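Asker: I'm passing along final-v4.cif; it holds mmCIF, C-alpha atoms and all ligand atoms.
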data_data
loop_
_atom_site.label_atom_id
_atom_site.label_comp_id
_atom_site.auth_asym_id
_atom_site.auth_seq_id
_atom_site.Cartn_x
_atom_site.Cartn_y
_atom_site.Cartn_z
CA MET A 1 34.14 -10.70 -18.76
CA LYS A 2 32.96 -8.51 -15.88
CA GLN A 3 29.63 -6.80 -16.54
CA ASP A 4 29.61 -3.12 -15.63
CA ARG A 5 26.02 -2.19 -16.47
CA THR A 6 22.60 -3.77 -16.43
CA ILE A 7 21.82 -6.12 -19.30
CA ARG A 8 18.50 -5.18 -20.93
CA THR A 9 18.49 -6.80 -24.38
CA VAL A 10 18.75 -10.29 -25.79
CA GLY A 11 21.80 -9.22 -27.78
CA GLU A 12 23.52 -8.23 -24.53
CA LEU A 13 22.53 -11.55 -22.95
CA VAL A 14 24.14 -13.46 -25.83
CA ALA A 15 27.24 -11.26 -25.77
CA ALA A 16 27.62 -11.82 -22.01
CA GLY A 17 27.45 -15.60 -22.47
CA LEU A 18 24.16 -15.82 -20.56
CA LEU A 19 22.11 -17.11 -23.49
CA PRO A 20 23.14 -19.51 -26.27
CA GLU A 21 22.95 -18.05 -29.78
CA ALA A 22 20.52 -20.84 -30.71
CA GLN A 23 17.95 -19.46 -28.26
CA ARG A 24 18.21 -15.86 -29.42
CA GLU A 25 15.06 -15.86 -31.57
CA GLU A 26 12.75 -17.29 -28.93
CA ALA A 27 14.26 -15.06 -26.27
CA GLU A 28 13.54 -12.04 -28.49
CA ARG A 29 9.89 -13.08 -28.58
CA VAL A 30 9.84 -13.39 -24.79
CA ALA A 31 11.53 -10.01 -24.40
CA GLN A 32 8.90 -8.37 -26.61
CA ARG A 33 6.27 -9.53 -24.13
CA TYR A 34 8.02 -9.31 -20.74
CA ALA A 35 10.76 -7.00 -19.49
CA VAL A 36 14.35 -8.22 -19.16
CA ALA A 37 17.01 -6.80 -16.84
CA ILE A 38 20.00 -8.43 -15.16
CA THR A 39 22.24 -6.28 -12.98
CA PRO A 40 26.03 -6.72 -12.92
CA ALA A 41 25.78 -8.32 -9.46
CA VAL A 42 23.37 -10.97 -10.76
CA ALA A 43 25.20 -11.49 -14.07
CA GLY A 44 28.33 -12.25 -12.07
CA LEU A 45 26.51 -14.98 -10.18
CA ILE A 46 25.17 -16.93 -13.15
CA GLU A 47 27.11 -20.01 -14.12
CA ARG A 48 27.57 -19.81 -17.88
CA GLY A 49 26.46 -22.77 -19.97
CA VAL A 50 24.44 -24.38 -17.17
CA ALA A 51 20.78 -24.29 -18.20
CA THR A 52 19.67 -25.43 -14.75
CA ASP A 53 21.58 -22.75 -12.86
CA PRO A 54 19.11 -21.50 -10.20
CA ILE A 55 20.12 -17.87 -10.70
CA ALA A 56 19.82 -18.08 -14.51
CA LEU A 57 16.38 -19.69 -14.19
CA GLN A 58 15.17 -16.68 -12.21
CA PHE A 59 16.36 -13.99 -14.62
CA VAL A 60 17.27 -15.27 -18.11
CA PRO A 61 14.23 -15.29 -20.46
CA ASP A 62 13.04 -18.72 -21.52
CA ALA A 63 10.79 -19.93 -24.34
CA ALA A 64 8.46 -21.56 -21.78
CA GLU A 65 7.26 -18.04 -20.90
CA LEU A 66 5.55 -17.83 -24.27
CA GLU A 67 2.96 -20.39 -23.22
CA THR A 68 0.10 -18.96 -21.20
CA ARG A 69 -2.09 -21.59 -19.58
CA PRO A 70 -5.86 -21.24 -19.13
CA GLU A 71 -5.63 -20.99 -15.34
CA GLU A 72 -3.07 -18.15 -15.50
CA ARG A 73 -4.17 -14.55 -15.05
CA GLU A 74 -2.83 -11.14 -16.02
CA ASP A 75 -3.47 -9.86 -12.49
CA PRO A 76 -3.07 -13.06 -10.47
CA ILE A 77 -3.42 -11.56 -7.01
CA GLY A 78 -6.19 -9.14 -7.96
CA ASP A 79 -4.43 -5.81 -7.35
CA LEU A 80 -6.70 -4.01 -9.78
CA THR A 81 -9.90 -5.11 -8.08
CA HIS A 82 -8.74 -3.42 -4.84
CA SER A 83 -7.33 -0.18 -6.26
CA PRO A 84 -9.46 2.79 -5.21
CA VAL A 85 -7.02 5.33 -6.70
CA GLU A 86 -4.00 4.91 -8.95
CA GLY A 87 -0.99 3.53 -7.05
CA ILE A 88 -2.98 2.27 -4.03
CA VAL A 89 -4.10 -1.30 -3.36
CA HIS A 90 -6.40 -1.46 -0.31
CA ARG A 91 -7.06 -5.16 0.23
CA TYR A 92 -7.07 -5.39 4.05
CA PRO A 93 -8.59 -2.78 6.38
CA ASP A 94 -5.45 -1.64 8.22
CA ARG A 95 -2.89 -1.47 5.44
CA VAL A 96 -2.37 -0.41 1.84
CA LEU A 97 0.18 -1.00 -0.87
CA LEU A 98 1.64 2.18 -2.31
CA LYS A 99 3.00 1.42 -5.77
CA ALA A 100 5.13 4.47 -6.48
CA VAL A 101 7.07 2.90 -9.32
CA HIS A 102 6.66 -0.03 -11.70
CA VAL A 103 10.31 -0.48 -12.54
CA CYS A 104 12.67 -3.06 -11.02
CA PRO A 105 16.46 -3.45 -11.01
CA VAL A 106 15.99 -7.00 -12.39
CA TYR A 107 12.97 -8.70 -13.92
CA CYS A 108 12.12 -12.06 -12.42
CA ARG A 109 10.82 -14.60 -14.91
CA PHE A 110 8.15 -15.72 -12.41
CA CYS A 111 7.00 -12.20 -11.47
CA PHE A 112 3.42 -11.98 -10.22
CA ARG A 113 3.12 -8.44 -11.59
CA ARG A 114 4.85 -9.10 -14.88
CA GLU A 115 2.04 -7.49 -16.88
CA MET A 116 2.48 -4.24 -14.90
CA VAL A 117 6.22 -3.84 -14.37
CA GLY A 118 9.01 -2.92 -16.77
CA PRO A 119 9.91 -0.02 -19.02
CA GLU A 120 6.66 -0.59 -20.93
CA GLY A 121 4.71 -1.06 -17.71
CA LEU A 122 2.68 1.38 -15.65
CA GLY A 123 5.70 3.68 -15.05
CA THR A 124 6.17 5.96 -12.06
CA LEU A 125 3.25 7.71 -10.38
CA SER A 126 2.84 11.25 -11.67
CA PRO A 127 3.03 14.03 -9.04
CA GLU A 128 -0.76 14.42 -9.27
CA ALA A 129 -1.34 10.68 -8.84
CA MET A 130 1.06 10.63 -5.87
CA ASP A 131 -0.86 13.53 -4.31
CA ALA A 132 -4.10 11.58 -4.76
CA ALA A 133 -2.57 8.40 -3.29
CA ILE A 134 -1.23 10.27 -0.24
CA GLY A 135 -4.61 11.99 0.03
CA TYR A 136 -6.35 8.60 0.10
CA ILE A 137 -4.08 7.39 2.93
CA THR A 138 -4.63 10.64 4.83
CA ASP A 139 -8.41 10.32 4.48
CA HIS A 140 -8.51 6.74 5.82
CA PRO A 141 -7.63 6.72 9.54
CA GLU A 142 -7.86 2.91 9.63
CA ILE A 143 -4.62 2.69 7.60
CA TRP A 144 -1.94 1.76 10.13
CA GLU A 145 0.72 0.46 7.71
CA VAL A 146 1.86 1.55 4.24
CA ILE A 147 3.77 -0.99 2.16
CA LEU A 148 5.85 0.45 -0.64
CA THR A 149 6.10 -2.05 -3.43
CA GLY A 150 5.61 -1.99 -7.15
CA GLY A 151 8.02 -2.44 -8.94
CA ASP A 152 10.86 -1.97 -6.52
CA PRO A 153 10.71 1.25 -4.48
CA LEU A 154 14.45 1.20 -3.88
CA VAL A 155 15.13 2.02 -7.53
CA LEU A 156 13.91 5.53 -6.70
CA SER A 157 16.52 8.13 -5.87
CA ALA A 158 17.15 8.83 -2.19
CA ARG A 159 15.62 12.28 -2.73
CA ARG A 160 12.35 10.87 -4.16
CA LEU A 161 12.14 8.21 -1.45
CA ARG A 162 12.77 10.79 1.26
CA GLU A 163 9.93 12.91 -0.10
CA ILE A 164 7.56 9.95 0.10
CA THR A 165 8.60 8.85 3.59
CA ALA A 166 8.36 12.45 4.84
CA ARG A 167 4.79 12.68 3.53
CA LEU A 168 3.90 9.38 5.19
CA ALA A 169 5.59 10.48 8.42
CA ALA A 170 3.27 13.49 8.51
CA ILE A 171 0.16 11.26 8.59
CA GLN A 172 -0.56 10.66 12.24
CA HIS A 173 -2.46 7.37 11.93
CA VAL A 174 0.26 5.71 9.81
CA LYS A 175 2.58 3.96 12.28
CA VAL A 176 4.56 1.55 10.08
CA VAL A 177 6.23 1.99 6.69
CA ARG A 178 7.38 -1.18 4.96
CA PHE A 179 9.47 -1.48 1.78
CA HIS A 180 9.55 -4.62 -0.35
CA THR A 181 12.72 -4.85 -2.38
CA ARG A 182 15.26 -6.96 -4.19
CA VAL A 183 17.83 -4.14 -4.34
CA PRO A 184 20.05 -5.14 -1.36
CA VAL A 185 20.74 -8.46 -3.11
CA VAL A 186 20.73 -7.59 -6.82
CA ALA A 187 22.17 -4.05 -6.66
CA PRO A 188 23.84 -3.85 -3.24
CA GLU A 189 25.90 -0.81 -4.20
CA ARG A 190 22.70 1.27 -4.04
CA ILE A 191 22.41 0.78 -0.28
CA ASP A 192 24.33 3.83 0.86
CA ASP A 193 23.83 6.30 3.71
CA ALA A 194 21.54 8.55 1.66
CA LEU A 195 19.20 5.71 0.67
CA ILE A 196 19.16 4.27 4.19
CA GLY A 197 18.32 7.70 5.60
CA ALA A 198 15.46 8.00 3.11
CA LEU A 199 13.89 4.77 4.37
CA LYS A 200 13.37 6.19 7.83
CA ALA A 201 10.01 7.83 8.27
CA SER A 202 10.42 10.09 11.28
CA GLY A 203 8.49 8.84 14.30
CA LYS A 204 7.39 5.63 12.52
CA ALA A 205 8.76 2.10 12.41
CA SER A 206 10.54 1.26 9.13
CA TYR A 207 10.65 -2.34 7.94
CA VAL A 208 12.39 -3.66 4.83
CA ALA A 209 11.34 -7.03 3.37
CA ILE A 210 14.19 -8.44 1.27
CA HIS A 211 13.35 -10.75 -1.64
CA ALA A 212 15.81 -13.59 -2.33
CA ASN A 213 15.23 -17.16 -3.42
CA HIS A 214 18.58 -18.95 -3.38
CA PRO A 215 21.47 -18.80 -0.89
CA ARG A 216 23.94 -18.05 -3.70
CA GLU A 217 22.30 -14.61 -3.92
CA PHE A 218 23.93 -13.75 -0.58
CA THR A 219 27.25 -12.54 -1.98
CA PRO A 220 29.70 -10.66 0.26
CA ALA A 221 28.44 -7.39 -1.28
CA ALA A 222 24.80 -8.32 -0.55
CA GLN A 223 25.72 -9.32 3.00
CA ALA A 224 27.47 -5.99 3.51
CA ALA A 225 24.50 -4.02 2.12
CA ILE A 226 22.06 -5.90 4.36
CA GLY A 227 24.41 -5.36 7.29
CA ARG A 228 24.30 -1.60 6.64
CA LEU A 229 20.49 -1.66 6.79
CA ALA A 230 20.49 -3.71 10.00
CA ASP A 231 23.13 -1.49 11.61
CA ALA A 232 20.94 1.54 10.83
CA GLY A 233 18.20 0.06 13.00
CA ILE A 234 15.84 -0.93 10.20
CA VAL A 235 13.92 -4.11 10.96
CA LEU A 236 14.57 -6.67 8.23
CA LEU A 237 12.23 -9.40 7.01
CA SER A 238 12.54 -11.93 4.22
CA GLN A 239 10.30 -12.90 1.38
CA SER A 240 10.94 -15.75 -1.02
CA VAL A 241 9.02 -17.59 -3.68
CA LEU A 242 9.06 -21.38 -3.76
CA LEU A 243 10.20 -22.12 -7.30
CA ARG A 244 10.63 -25.41 -9.11
CA GLY A 245 14.27 -25.84 -10.14
CA VAL A 246 15.44 -22.92 -8.01
CA ASN A 247 14.79 -23.73 -4.36
CA ASP A 248 12.51 -26.81 -4.27
CA ASP A 249 15.14 -28.67 -2.29
CA PRO A 250 15.34 -29.09 1.51
CA ASP A 251 19.06 -28.29 1.67
CA VAL A 252 18.69 -25.16 -0.47
CA LEU A 253 15.74 -23.92 1.57
CA ALA A 254 17.55 -24.55 4.85
CA ALA A 255 20.63 -22.66 3.60
CA LEU A 256 18.44 -19.81 2.32
CA MET A 257 16.63 -19.37 5.64
CA ARG A 258 19.81 -19.71 7.69
CA GLY A 259 21.48 -17.18 5.40
CA PHE A 260 18.72 -14.68 6.08
CA VAL A 261 18.90 -15.18 9.84
CA GLU A 262 22.69 -14.90 9.88
CA MET A 263 22.27 -11.47 8.26
CA ARG A 264 19.67 -10.43 10.90
CA VAL A 265 16.79 -10.86 8.47
CA LYS A 266 13.79 -12.62 10.03
CA PRO A 267 12.20 -15.13 7.62
CA TYR A 268 8.70 -13.83 6.98
CA TYR A 269 6.95 -15.08 3.84
CA MET A 270 7.53 -18.11 1.66
CA HIS A 271 5.15 -17.54 -1.25
CA HIS A 272 3.61 -20.30 -3.29
CA PRO A 273 4.12 -19.17 -6.91
CA ASP A 274 1.24 -17.15 -8.33
CA LEU A 275 -0.72 -17.93 -11.48
CA ALA A 276 1.16 -15.33 -13.52
CA PRO A 277 1.17 -15.80 -17.30
CA GLY A 278 3.93 -18.01 -18.71
CA THR A 279 5.18 -19.23 -15.33
CA ALA A 280 3.89 -22.83 -15.20
CA GLN A 281 7.48 -24.14 -15.37
CA PHE A 282 8.11 -22.73 -11.89
CA ARG A 283 4.98 -24.00 -10.17
CA LEU A 284 5.04 -26.99 -7.89
CA SER A 285 1.98 -28.43 -6.20
CA ILE A 286 0.82 -27.17 -2.83
CA ALA A 287 1.44 -30.69 -1.46
CA GLU A 288 5.07 -30.49 -2.61
CA GLY A 289 5.37 -27.05 -1.05
CA GLN A 290 3.90 -28.26 2.22
CA ALA A 291 6.38 -31.14 2.36
CA LEU A 292 9.31 -28.79 1.72
CA VAL A 293 8.21 -26.26 4.33
CA ALA A 294 7.45 -29.02 6.86
CA GLY A 295 10.99 -30.27 6.25
CA LEU A 296 12.37 -27.04 7.69
CA ARG A 297 10.71 -27.67 11.02
CA GLY A 298 13.17 -29.32 13.40
CA ARG A 299 15.87 -29.28 10.74
CA VAL A 300 16.62 -25.57 11.26
CA SER A 301 16.02 -23.23 14.18
CA GLY A 302 12.61 -21.76 14.89
CA LEU A 303 14.09 -18.41 13.90
CA CYS A 304 14.46 -19.76 10.36
CA GLN A 305 10.78 -20.66 9.80
CA PRO A 306 8.89 -18.54 7.26
CA THR A 307 5.11 -18.63 6.88
CA TYR A 308 4.14 -20.54 3.73
CA VAL A 309 1.39 -18.49 2.04
CA LEU A 310 -0.74 -18.43 -1.06
CA ASP A 311 -2.14 -15.21 -2.45
CA ILE A 312 -5.57 -16.52 -3.30
CA PRO A 313 -6.17 -15.84 -7.00
CA GLY A 314 -8.64 -13.04 -7.64
CA GLY A 315 -7.56 -10.71 -4.84
CA HIS A 316 -8.90 -12.56 -1.80
CA GLY A 317 -5.69 -11.99 0.16
CA LYS A 318 -3.03 -14.27 1.60
CA ALA A 319 -3.78 -17.57 3.32
CA PRO A 320 -1.26 -19.66 5.28
CA ILE A 321 -1.14 -23.05 3.55
CA ALA A 322 1.37 -25.11 5.54
CA ALA A 323 0.19 -28.61 6.42
CA GLY A 324 -1.38 -28.72 9.84
CA ASN A 325 0.34 -30.55 12.68
CA VAL A 326 -2.87 -31.12 14.60
CA THR A 327 -5.66 -33.59 13.79
CA GLN A 328 -8.45 -35.08 15.85
CA GLY A 329 -7.33 -38.11 17.87
CA PRO A 330 -9.31 -40.71 19.91
CA ASP A 331 -11.21 -39.89 23.14
CA GLY A 332 -11.24 -36.14 22.58
CA CYS A 333 -7.46 -36.04 22.26
CA HIS A 334 -5.63 -34.11 19.58
CA ALA A 335 -3.05 -35.98 17.49
CA ILE A 336 0.12 -33.89 17.13
CA THR A 337 2.69 -34.68 14.44
CA ASP A 338 6.29 -33.97 15.39
CA TRP A 339 9.04 -32.88 12.99
CA ARG A 340 10.11 -36.49 12.36
CA GLY A 341 6.55 -37.52 11.43
CA GLY A 342 5.83 -39.18 14.80
CA VAL A 343 2.27 -38.80 16.08
CA HIS A 344 1.53 -38.05 19.76
CA LEU A 345 -1.76 -37.66 21.59
CA TYR A 346 -2.48 -34.53 23.59
CA PRO A 347 -5.34 -34.75 26.10
CA PRO A 348 -8.40 -32.50 26.18
CA PRO A 349 -8.70 -30.04 29.10
CA VAL A 350 -10.25 -31.40 32.32
CA ASP A 351 -13.01 -29.65 34.20
CA VAL A 352 -11.39 -28.43 37.43
CA ALA A 353 -14.42 -26.52 38.74
S1 LIG B 401 11.52 -7.63 -8.22
FE1 LIG B 401 9.40 -8.19 -7.63
S2 LIG B 401 8.07 -6.86 -8.88
FE2 LIG B 401 10.12 -6.79 -9.79
S3 LIG B 401 10.17 -8.37 -11.38
FE3 LIG B 401 10.91 -9.36 -9.50
S4 LIG B 401 9.09 -10.24 -8.52
FE4 LIG B 401 8.37 -8.74 -10.06
#
Translate this structure into structure tokens?
Ligand code: SF4
Answerer:
Amino acid sequence: MKQDRTIRTVGELVAAGLLPEAQREEAERVAQRYAVAITPAVAGLIERGVATDPIALQFVPDAAELETRPEEREDPIGDLTHSPVEGIVHRYPDRVLLKAVHVCPVYCRFCFRREMVGPEGLGTLSPEAMDAAIGYITDHPEIWEVILTGGDPLVLSARRLREITARLAAIQHVKVVRFHTRVPVVAPERIDDALIGALKASGKASYVAIHANHPREFTPAAQAAIGRLADAGIVLLSQSVLLRGVNDDPDVLAALMRGFVEMRVKPYYMHHPDLAPGTAQFRLSIAEGQALVAGLRGRVSGLCQPTYVLDIPGGHGKAPIAAGNVTQGPDGCHAITDWRGGVHLYPPPVDVA
């Protein structure tokens, strides 16, 4: 049966064949704690009756989410410790997050902000809070880039988005406006001329970072939506999360990165999963992640290489965590590991004076 509206309840999940009746009770308990939403585009992608389906794993609530481990945190990347005014996260000197909305078109079961997003979450910034957030950006001339995230900023109407981008465009020291979104993939029909126009902050560079984790998410409709963004001159970047059971496979990762590049989306971030509550089932070790990311090198084009990063728990920012290719060799040489694992010595510089 074709889904024509977003699924938001466990009853609707069961009725759509996305959840077995036997799991209804536990799923209800999960849904009381964390938001659930699956758009028609995503519902159409999920293979019914396959518990290991990589799309289902990302969006269908699971009893494992009820178990919070001691190392997990409500605010795993420390947004709240860097929030000078509501809606702003100022972690690095030259850029801020502007969290205009805490609603998403889908709710990812591994979400790093799962305690903040959803219909019961922090909601949309009030007009007064938005004024204060814009005021903060205006008062801080070191802010060169504003990153709209949340929640998903592209759930806002084109009119609301245009208001925000116009206000940012009026701030002289802001040069770059970046949007982080899952909408082009999970609700591609929203990417129309009005929304694309609203993403352009006059006189500034607009970037859109598109979140996808499995190549099956790149449906013809998603490809067309992303093509519309690229054709409009918006620079496109990717972001993905390395997730056990979803994309912890060299072939899947290679197809995901190639898929992005084929759509004119430059692979940007590959996130190690955060310590969000109830997400241990998705977390692999950093060593496993390093091996997977190293496996992309040589196997796929340099264009297809994302940066593997960890948001250091507690709000200390992102750190690249890919395994190094350079170690100390004999006689002052460096030992360089190639993509097949071969080791080669590179000599130290000579004194030519
Ligand atoms: S789209 Fe982003 S913010 Fe929203 S639920 Fe997914 S990971 Fe969380």
Asker: Between A:Gly203, A:Pro215, A:Gly302, A:Gly150, which residue has the minimum interatomic distance to ligand LIG 401 (chain B), considering only C-alpha atoms and all ligand atoms?
Answerer: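 Using only C-alpha atoms and all ligand atoms, the shortest distance to ligand LIG 401 (chain B) belongs to A:Gly150.
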Asker: Quick one: contact table of chain A to ligand LIG 401 (chain B), 7 Å max, nearest atom pair and distance in Å to one decimal per residue, counting all atoms listed in the file, chain and number order, as a Markdown table?
Answerer:
| residue | atom | partner | partner_atom | distance |
| --- | --- | --- | --- | --- |
| A:Val103 | CA | B:LIG401 | FE2 | 6.9 |
| A:Cys104 | CA | B:LIG401 | FE2 | 4.7 |
| A:Val106 | CA | B:LIG401 | S3 | 6.1 |
| A:Tyr107 | CA | B:LIG401 | S3 | 3.8 |
| A:Cys108 | CA | B:LIG401 | FE3 | 4.2 |
| A:Phe110 | CA | B:LIG401 | S4 | 6.8 |
| A:Cys111 | CA | B:LIG401 | FE4 | 4.0 |
| A:Phe112 | CA | B:LIG401 | FE4 | 5.9 |
| A:Arg113 | CA | B:LIG401 | FE4 | 5.5 |
| A:Arg114 | CA | B:LIG401 | FE4 | 6.0 |
| A:Val117 | CA | B:LIG401 | S2 | 6.5 |
| A:Gly150 | CA | B:LIG401 | S2 | 5.7 |
| A:Gly151 | CA | B:LIG401 | S2 | 4.4 |
| A:Asp152 | CA | B:LIG401 | FE2 | 5.9 |
| A:Thr181 | CA | B:LIG401 | S1 | 6.6 |
| A:Arg182 | CA | B:LIG401 | S1 | 5.5 |
Asker: Go ahead and write the residues just picked, C-alpha atoms, as a PDB file, keeping the file's coordinate frame.
Answerer:
ATOM      1  CA  VAL A 103      10.310  -0.480 -12.540  1.00  0.00           C
ATOM      2  CA  CYS A 104      12.670  -3.060 -11.020  1.00  0.00           C
ATOM      3  CA  VAL A 106      15.990  -7.000 -12.390  1.00  0.00           C
ATOM      4  CA  TYR A 107      12.970  -8.700 -13.920  1.00  0.00           C
ATOM      5  CA  CYS A 108      12.120 -12.060 -12.420  1.00  0.00           C
ATOM      6  CA  PHE A 110       8.150 -15.720 -12.410  1.00  0.00           C
ATOM      7  CA  CYS A 111       7.000 -12.200 -11.470  1.00  0.00           C
ATOM      8  CA  PHE A 112       3.420 -11.980 -10.220  1.00  0.00           C
ATOM      9  CA  ARG A 113       3.120  -8.440 -11.590  1.00  0.00           C
ATOM     10  CA  ARG A 114       4.850  -9.100 -14.880  1.00  0.00           C
ATOM     11  CA  VAL A 117       6.220  -3.840 -14.370  1.00  0.00           C
ATOM     12  CA  GLY A 150       5.610  -1.990  -7.150  1.00  0.00           C
ATOM     13  CA  GLY A 151       8.020  -2.440  -8.940  1.00  0.00           C
ATOM     14  CA  ASP A 152      10.860  -1.970  -6.520  1.00  0.00           C
ATOM     15  CA  THR A 181      12.720  -4.850  -2.380  1.00  0.00           C
ATOM     16  CA  ARG A 182      15.260  -6.960  -4.190  1.00  0.00           C
TER      17      ARG A 182
END
Asker: Which residue gives the smallest distance to Leu243 of chain A among A:Ile88, A:Ala158, A:Leu57, A:Ala230, with only C-alpha atoms counted?
Answerer: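 Closest candidate: A:Leu57.
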Asker: Go ahead and find all residues with at least one atom no further than 10 Å from (2.2, 10.5, 7.4) in the file's coordinates, using all atoms listed in the file; report them as a PDB file with C-alpha atoms, in the frame of the given file.
Answerer:
ATOM      1  CA  ILE A 134      -1.230  10.270  -0.240  1.00  0.00           C
ATOM      2  CA  ILE A 137      -4.080   7.390   2.930  1.00  0.00           C
ATOM      3  CA  THR A 138      -4.630  10.640   4.830  1.00  0.00           C
ATOM      4  CA  VAL A 146       1.860   1.550   4.240  1.00  0.00           C
ATOM      5  CA  ILE A 164       7.560   9.950   0.100  1.00  0.00           C
ATOM      6  CA  THR A 165       8.600   8.850   3.590  1.00  0.00           C
ATOM      7  CA  ALA A 166       8.360  12.450   4.840  1.00  0.00           C
ATOM      8  CA  ARG A 167       4.790  12.680   3.530  1.00  0.00           C
ATOM      9  CA  LEU A 168       3.900   9.380   5.190  1.00  0.00           C
ATOM     10  CA  ALA A 169       5.590  10.480   8.420  1.00  0.00           C
ATOM     11  CA  ALA A 170       3.270  13.490   8.510  1.00  0.00           C
ATOM     12  CA  ILE A 171       0.160  11.260   8.590  1.00  0.00           C
ATOM     13  CA  GLN A 172      -0.560  10.660  12.240  1.00  0.00           C
ATOM     14  CA  HIS A 173      -2.460   7.370  11.930  1.00  0.00           C
ATOM     15  CA  VAL A 174       0.260   5.710   9.810  1.00  0.00           C
ATOM     16  CA  LYS A 175       2.580   3.960  12.280  1.00  0.00           C
ATOM     17  CA  VAL A 176       4.560   1.550  10.080  1.00  0.00           C
ATOM     18  CA  VAL A 177       6.230   1.990   6.690  1.00  0.00           C
ATOM     19  CA  ALA A 201      10.010   7.830   8.270  1.00  0.00           C
ATOM     20  CA  SER A 202      10.420  10.090  11.280  1.00  0.00           C
ATOM     21  CA  GLY A 203       8.490   8.840  14.300  1.00  0.00           C
ATOM     22  CA  LYS A 204       7.390   5.630  12.520  1.00  0.00           C
TER      23      LYS A 204
END
Asker: For atom CA of Ala56 of chain A and atom CA of Arg5 of chain A, quote the distance in Å rounded to one decimal.
Answerer: 17.2 Å
Asker: Which is closest to Asp331 of chain A among A:Leu242, A:Leu345, A:Ala319, A:Ile234, if we use only C-alpha atoms?
Answerer: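 Ranked by minimum distance to Asp331 of chain A, first place goes to A:Leu345.
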Asker: Quick one: residues within 10 Å of Gly332 of chain A, all atoms listed in the file counted, chain neighbours fewer than 6 positions away excluded, as an NGL selection string?
Answerer: :A and (345-349)
Asker: In Å, with one decimal, what is the gap from atom CA of Arg244 of chain A to atom CA of Asp53 of chain A?
Answerer: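 Taking atom CA of Arg244 of chain A and atom CA of Asp53 of chain A, their separation equals 11.9 Å.
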Asker: Leaving out Ile286 of chain A and any residue of its chain fewer than 4 positions from it, which residues lie within 9 Å of it when counting all atoms listed in the file, given as an mmCIF file with C-alpha atoms, in the coordinates of the input?
Answerer:
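Saved to result-v5.cif:
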data_model
loop_
_atom_site.group_PDB
_atom_site.id
_atom_site.type_symbol
_atom_site.label_atom_id
_atom_site.label_comp_id
_atom_site.auth_asym_id
_atom_site.auth_seq_id
_atom_site.Cartn_x
_atom_site.Cartn_y
_atom_site.Cartn_z
ATOM 1 C CA HIS A 272 3.610 -20.300 -3.290
ATOM 2 C CA GLN A 290 3.900 -28.260 2.220
ATOM 3 C CA ALA A 291 6.380 -31.140 2.360
ATOM 4 C CA ILE A 321 -1.140 -23.050 3.550
ATOM 5 C CA ALA A 322 1.370 -25.110 5.540
#
Asker: Taking all atoms listed in the file into account, which of A:Ile312, A:Leu13, A:Ala187, A:Leu45 comes nearest Ala31 of chain A?
Answerer: A:Leu13
Asker: One decimal, in Å: what's the spacing between atom CA of Tyr268 of chain A and atom CA of Gln305 of chain A?
Answerer: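 Between atom CA of Tyr268 of chain A and atom CA of Gln305 of chain A the gap works out to 7.7 Å.
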Asker: Neighbouring residues of Tyr34 of chain A were defined as those with any atom within 10 Å, considering only C-alpha atoms; residues of the same chain fewer than 6 positions away were excluded. Please report them as a list in words.
Answerer: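 Within the cut-off, the hits are Glu28, Pro61, Glu65, Leu66, Tyr107, Cys108, Arg109, Cys111, Arg114, Glu115, Met116, Val117, Gly118, Pro119, Glu120, Gly121 and Gly278 of chain A.
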Asker: If you keep C-alpha atoms, can you produce a file of those selected residues as a PDB file, keeping the file's coordinate frame?
Answerer:
ATOM      1  CA  GLU A  28      13.540 -12.040 -28.490  1.00  0.00           C
ATOM      2  CA  PRO A  61      14.230 -15.290 -20.460  1.00  0.00           C
ATOM      3  CA  GLU A  65       7.260 -18.040 -20.900  1.00  0.00           C
ATOM      4  CA  LEU A  66       5.550 -17.830 -24.270  1.00  0.00           C
ATOM      5  CA  TYR A 107      12.970  -8.700 -13.920  1.00  0.00           C
ATOM      6  CA  CYS A 108      12.120 -12.060 -12.420  1.00  0.00           C
ATOM      7  CA  ARG A 109      10.820 -14.600 -14.910  1.00  0.00           C
ATOM      8  CA  CYS A 111       7.000 -12.200 -11.470  1.00  0.00           C
ATOM      9  CA  ARG A 114       4.850  -9.100 -14.880  1.00  0.00           C
ATOM     10  CA  GLU A 115       2.040  -7.490 -16.880  1.00  0.00           C
ATOM     11  CA  MET A 116       2.480  -4.240 -14.900  1.00  0.00           C
ATOM     12  CA  VAL A 117       6.220  -3.840 -14.370  1.00  0.00           C
ATOM     13  CA  GLY A 118       9.010  -2.920 -16.770  1.00  0.00           C
ATOM     14  CA  PRO A 119       9.910  -0.020 -19.020  1.00  0.00           C
ATOM     15  CA  GLU A 120       6.660  -0.590 -20.930  1.00  0.00           C
ATOM     16  CA  GLY A 121       4.710  -1.060 -17.710  1.00  0.00           C
ATOM     17  CA  GLY A 278       3.930 -18.010 -18.710  1.00  0.00           C
TER      18      GLY A 278
END
Asker: First collect every listed atom of segment 300-312 of chain A; then fit an axis-aligned box around them, widen it by 6 Å on each side, and give centre and edge lengths in Å to one decimal, as AutoDock Vina command-line options.
Answerer:
--center_x 5.5 --center_y -20.4 --center_z 5.8 --size_x 34.2 --size_y 22.4 --size_z 30.2
Asker: Name all residues at most 12 Å from Glu26 of chain A (count all atoms listed in the file; drop same-chain ones fewer than 4 positions away) and give them as a compact mmCIF listing (two decimals) with C-alpha atoms, in the frame of the given file.
Answerer:
# COMPACT_ATOMS: atom_id res chain seq x y z
CA VAL A 10 18.75 -10.29 -25.79
CA LEU A 19 22.11 -17.11 -23.49
CA PRO A 20 23.14 -19.51 -26.27
CA GLU A 21 22.95 -18.05 -29.78
CA ALA A 22 20.52 -20.84 -30.71
CA VAL A 30 9.84 -13.39 -24.79
CA ALA A 31 11.53 -10.01 -24.40
CA GLN A 32 8.90 -8.37 -26.61
CA ARG A 33 6.27 -9.53 -24.13
CA VAL A 60 17.27 -15.27 -18.11
CA PRO A 61 14.23 -15.29 -20.46
CA ASP A 62 13.04 -18.72 -21.52
CA ALA A 63 10.79 -19.93 -24.34
CA ALA A 64 8.46 -21.56 -21.78
CA GLU A 65 7.26 -18.04 -20.90
CA LEU A 66 5.55 -17.83 -24.27
CA GLU A 67 2.96 -20.39 -23.22
